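One file, entry-v7.pdb, is given below (PDB, C-alpha atoms).
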```
MODEL        1
ATOM      1  CA  VAL A   1     -39.354 -11.214  -4.249
ATOM      2  CA  PRO A   2     -35.946 -12.742  -5.224
ATOM      3  CA  THR A   3     -34.347 -11.188  -2.142
ATOM      4  CA  TYR A   4     -36.911 -12.785   0.156
ATOM      5  CA  ARG A   5     -36.650 -16.095  -1.673
ATOM      6  CA  ASN A   6     -32.874 -15.976  -1.137
ATOM      7  CA  LEU A   7     -33.423 -15.269   2.551
ATOM      8  CA  ILE A   8     -35.582 -18.380   2.840
ATOM      9  CA  ARG A   9     -33.040 -20.445   0.904
ATOM     10  CA  ILE A  10     -30.313 -19.277   3.281
ATOM     11  CA  PHE A  11     -32.216 -20.751   6.221
ATOM     12  CA  MET A  12     -32.945 -23.981   4.335
ATOM     13  CA  LYS A  13     -29.235 -24.707   3.801
ATOM     14  CA  LYS A  14     -26.970 -26.138   6.461
ATOM     15  CA  GLU A  15     -24.478 -23.318   6.110
ATOM     16  CA  ILE A  16     -23.446 -20.474   8.375
ATOM     17  CA  VAL A  17     -25.196 -17.207   7.545
ATOM     18  CA  ASN A  18     -23.147 -14.029   7.672
ATOM     19  CA  TRP A  19     -24.508 -11.084   9.622
ATOM     20  CA  PRO A  20     -25.160  -8.389   8.427
ATOM     21  CA  LEU A  21     -27.165 -10.028   5.683
ATOM     22  CA  ALA A  22     -26.566  -9.392   2.004
ATOM     23  CA  LYS A  23     -29.055  -6.808   0.700
ATOM     24  CA  GLU A  24     -29.879  -5.808   4.269
ATOM     25  CA  GLU A  25     -31.157  -2.373   3.247
ATOM     26  CA  GLU A  26     -33.613  -3.927   0.801
ATOM     27  CA  LEU A  27     -34.864  -6.266   3.522
ATOM     28  CA  LYS A  28     -35.314  -3.377   5.960
ATOM     29  CA  LYS A  29     -37.566  -1.626   3.437
ATOM     30  CA  HIS A  30     -40.148  -4.414   3.710
ATOM     31  CA  ALA A  31     -43.322  -3.541   5.657
ATOM     32  CA  VAL A  32     -42.484  -6.104   8.358
ATOM     33  CA  PHE A  33     -39.428  -4.094   9.330
ATOM     34  CA  GLN A  34     -41.161  -0.689   9.137
ATOM     35  CA  ASP A  35     -42.916   1.056  12.028
ATOM     36  CA  SER A  36     -45.607   2.557   9.788
ATOM     37  CA  PRO A  37     -48.241  -0.229   9.842
ATOM     38  CA  HIS A  38     -47.308  -1.691  13.241
ATOM     39  CA  GLU A  39     -44.914  -0.658  15.979
ATOM     40  CA  GLY A  40     -41.936  -2.855  16.859
ATOM     41  CA  ALA A  41     -39.933  -2.944  13.635
ATOM     42  CA  LYS A  42     -36.649  -2.775  15.535
ATOM     43  CA  GLU A  43     -37.682  -5.719  17.735
ATOM     44  CA  ARG A  44     -38.596  -7.764  14.657
ATOM     45  CA  TRP A  45     -35.204  -6.977  13.090
ATOM     46  CA  GLU A  46     -33.479  -8.051  16.315
ATOM     47  CA  LEU A  47     -35.571 -11.235  16.290
ATOM     48  CA  LEU A  48     -34.360 -11.957  12.740
ATOM     49  CA  LYS A  49     -30.777 -11.465  13.918
ATOM     50  CA  LYS A  50     -31.436 -13.817  16.836
ATOM     51  CA  ARG A  51     -32.829 -16.464  14.465
ATOM     52  CA  VAL A  52     -29.745 -16.131  12.250
ATOM     53  CA  VAL A  53     -27.497 -16.677  15.284
ATOM     54  CA  GLN A  54     -29.570 -19.680  16.380
ATOM     55  CA  HIS A  55     -29.440 -21.104  12.858
ATOM     56  CA  ASN A  56     -25.652 -20.714  12.887
ATOM     57  CA  ILE A  57     -25.351 -22.502  16.237
ATOM     58  CA  LYS A  58     -27.511 -25.372  14.930
ATOM     59  CA  VAL A  59     -25.308 -25.645  11.834
ATOM     60  CA  VAL A  60     -22.152 -25.678  13.972
ATOM     61  CA  SER A  61     -23.673 -28.381  16.188
ATOM     62  CA  GLU A  62     -24.189 -30.592  13.137
ATOM     63  CA  TYR A  63     -20.605 -30.269  11.906
ATOM     64  CA  TYR A  64     -18.668 -30.205  15.188
ATOM     65  CA  GLU A  65     -18.568 -32.644  18.064
ATOM     66  CA  GLN A  66     -16.466 -30.290  20.156
ATOM     67  CA  ILE A  67     -15.517 -26.651  19.643
ATOM     68  CA  HIS A  68     -13.773 -23.946  21.644
ATOM     69  CA  ILE A  69     -16.051 -21.192  22.882
ATOM     70  CA  LYS A  70     -13.879 -18.525  21.231
ATOM     71  CA  ARG A  71     -14.189 -20.273  17.850
ATOM     72  CA  LEU A  72     -17.972 -20.547  18.195
ATOM     73  CA  CYS A  73     -18.086 -16.832  19.018
ATOM     74  CA  GLU A  74     -16.141 -16.096  15.828
ATOM     75  CA  LEU A  75     -18.475 -18.237  13.744
ATOM     76  CA  VAL A  76     -21.710 -16.729  15.065
ATOM     77  CA  GLY A  77     -20.360 -13.191  15.387
ATOM     78  CA  LEU A  78     -21.196 -12.593  19.050
ATOM     79  CA  GLY A  79     -19.328 -12.214  22.322
ATOM     80  CA  ASP A  80     -18.824 -14.977  24.881
ATOM     81  CA  LYS A  81     -21.781 -14.046  27.053
ATOM     82  CA  GLU A  82     -24.258 -13.561  24.187
ATOM     83  CA  THR A  83     -23.172 -16.782  22.486
ATOM     84  CA  GLU A  84     -23.583 -18.731  25.715
ATOM     85  CA  GLU A  85     -27.041 -17.211  26.267
ATOM     86  CA  GLU A  86     -28.196 -18.184  22.769
ATOM     87  CA  LEU A  87     -26.729 -21.668  23.122
ATOM     88  CA  SER A  88     -28.404 -22.087  26.519
ATOM     89  CA  GLU A  89     -31.731 -21.029  25.057
ATOM     90  CA  LEU A  90     -31.397 -23.592  22.247
ATOM     91  CA  VAL A  91     -30.444 -26.304  24.736
ATOM     92  CA  CYS A  92     -33.380 -25.465  27.019
ATOM     93  CA  SER A  93     -35.791 -25.575  24.079
ATOM     94  CA  LYS A  94     -34.203 -28.918  23.060
ATOM     95  CA  PHE A  95     -33.188 -27.829  19.559
ATOM     96  CA  VAL A  96     -29.549 -28.639  20.349
ATOM     97  CA  TYR A  97     -27.838 -30.911  22.852
ATOM     98  CA  ALA A  98     -24.651 -29.374  24.188
ATOM     99  CA  ARG A  99     -22.479 -29.394  27.278
ATOM    100  CA  ILE A 100     -20.404 -26.354  28.160
ATOM    101  CA  ASP A 101     -17.096 -26.888  29.933
ATOM    102  CA  ARG A 102     -16.227 -23.375  31.094
ATOM    103  CA  PRO A 103     -12.847 -24.174  32.714
ATOM    104  CA  ALA A 104     -11.635 -25.875  29.516
ATOM    105  CA  GLY A 105     -13.395 -23.313  27.326
ATOM    106  CA  THR A 106     -15.078 -25.945  25.170
ATOM    107  CA  ILE A 107     -18.542 -26.970  24.087
ATOM    108  CA  LYS A 108     -19.433 -30.575  23.275
ATOM    109  CA  PHE A 109     -22.307 -31.180  20.892
ATOM    110  CA  GLY A 110     -24.154 -34.401  20.262
ATOM    111  CA  LYS A 111     -27.245 -36.241  21.245
ATOM    112  CA  LYS A 112     -27.799 -37.168  24.850
ATOM    113  CA  GLN A 113     -26.947 -40.814  25.340
ATOM    114  CA  THR A 114     -29.573 -43.028  26.876
ATOM    115  CA  TYR A 115     -28.519 -45.589  29.445
ATOM    116  CA  ILE A 116     -28.937 -48.293  26.793
ATOM    117  CA  ASP A 117     -26.543 -46.493  24.422
ATOM    118  CA  ARG A 118     -24.052 -46.009  27.241
ATOM    119  CA  LEU A 119     -24.226 -49.694  28.210
ATOM    120  CA  ASN A 120     -23.876 -50.778  24.583
ATOM    121  CA  GLY A 121     -20.807 -48.564  24.194
ATOM    122  CA  TRP A 122     -19.322 -49.953  27.394
ATOM    123  CA  SER A 123     -20.037 -53.512  26.241
ATOM    124  CA  ASP A 124     -18.403 -52.853  22.866
ATOM    125  CA  ASN A 125     -15.317 -51.411  24.557
ATOM    126  CA  ILE A 126     -15.066 -54.403  26.914
ATOM    127  CA  THR A 127     -15.402 -56.784  23.954
ATOM    128  CA  LYS A 128     -12.597 -54.985  22.107
ATOM    129  CA  MET A 129     -10.396 -55.091  25.194
ATOM    130  CA  LEU A 130     -11.017 -58.816  25.716
ATOM    131  CA  ASP A 131     -10.206 -59.476  22.054
ATOM    132  CA  LEU A 132      -6.902 -57.644  22.510
ATOM    133  CA  VAL A 133      -6.125 -59.623  25.669
ATOM    134  CA  GLU A 134      -6.926 -62.898  23.895
ATOM    135  CA  ASN A 135      -4.784 -61.974  20.888
ATOM    136  CA  THR A 136      -1.903 -60.902  23.137
ATOM    137  CA  SER A 137      -2.171 -64.119  25.154
ATOM    138  CA  HIS A 138      -2.096 -66.155  21.946
ATOM    139  CA  LEU A 139       1.029 -64.317  20.741
ATOM    140  CA  ILE A 140       2.772 -64.840  24.097
ATOM    141  CA  GLN A 141       1.989 -68.584  24.041
ATOM    142  CA  LYS A 142       3.269 -68.811  20.479
ATOM    143  CA  GLU A 143       6.500 -67.057  21.469
ATOM    144  CA  GLN A 144       6.946 -69.384  24.452
ATOM    145  CA  MET A 145       6.479 -72.433  22.216
ATOM    146  CA  VAL A 146       9.068 -71.137  19.743
ATOM    147  CA  HIS A 147      11.590 -70.537  22.556
ATOM    148  CA  ALA A 148      10.902 -73.999  24.025
ATOM    149  CA  ALA A 149      11.445 -75.628  20.617
ATOM    150  CA  ARG A 150      14.738 -73.743  20.154
ATOM    151  CA  ALA A 151      15.872 -74.770  23.620
ATOM    152  CA  LYS A 152      15.207 -78.460  22.785
ATOM    153  CA  LEU A 153      17.177 -78.172  19.552
ATOM    154  CA  LYS A 154      20.145 -76.609  21.367
ATOM    155  CA  SER A 155      20.089 -79.282  24.073
ATOM    156  CA  LYS A 156      20.214 -82.099  21.470
ATOM    157  CA  LYS A 157      23.360 -80.706  19.846
TER     158      LYS A 157
ENDMDL
END
```
Representation of the structure as structure tokens:
Amino acid sequence: VPTYRNLIRIFMKKEIVNWPLAKEEELKKHAVFQDSPHEGAKERWELLKKRVVQHNIKVVSEYYEQIHIKRLCELVGLGDKETEEELSELVCSKFVYARIDRPAGTIKFGKKQTYIDRLNGWSDNITKMLDLVENTSHLIQKEQMVHAARAKLKSKK
């Protein structure tokens, strides 16, 4: 029972799970992973591995905004093609939002922006830019006034 409790706790945490699992042989002895009562033990073990990989991708998506494909492959313990297939499956089932940039070799995680979020971001950026322009204009006018005052002082002497 403690081994199975630990397995559940592993999935409850937002941490990457190493594969092969600790105490893997003990887990394989459970009736779920035996062919004796029902056929398909190997498929169920592969399904557990798939769920571990999917859990790892979800964890990575929570901690990274952008990651190289090679690094994601290292973290989940799969090759490029398998990692991309698992990621695509998670994206299609809407568990994760990600965009793959194959030429750059990167994956961008994050929530899909609605048009309202995009417009708000654009508006914020425009406001920041206008504040910078206003501040710069103020500094230029101040500098011009200082130079004009110095020029008047020099002309009086």
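Closest to A:Asn6 among A:Leu21, A:Ile116, A:Leu48, A:Val133 is A:Leu21, based on only C-alpha atoms.
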Stretch 99-108 of chain A: axis-aligned bounding box, 3 Å on each side, centre and edge lengths in Å, one decimal, as lines of an AutoDock Vina configuration file:
```
center_x = -17.1
center_y = -26.9
center_z = 28.0
size_x = 16.8
size_y = 13.3
size_z = 15.4
```
- Item | Reference answer for the PyMOL selection byres ((chain A and resi 105) around 9), as an MDAnalysis selection string | chainID A and resid 67:70 100:104 106:107
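For the structure in this document, the set picked by the PyMOL selection byres ((chain A and resi 76-83) around 10) is Ile16, Val17, Asn18, Trp19, Pro20, Val52, Val53, Gln54, His55, Asn56, Ile57, Val60, Ile69, Lys70, Arg71, Leu72, Cys73, Glu74, Leu75, Glu84, Glu85, Glu86, Leu87, Ser88 and Glu89 of chain A.
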- Query: atom CA of A:Val91 and atom CA of A:Lys49 are how many Å apart?
  - Reply: 18.4 Å
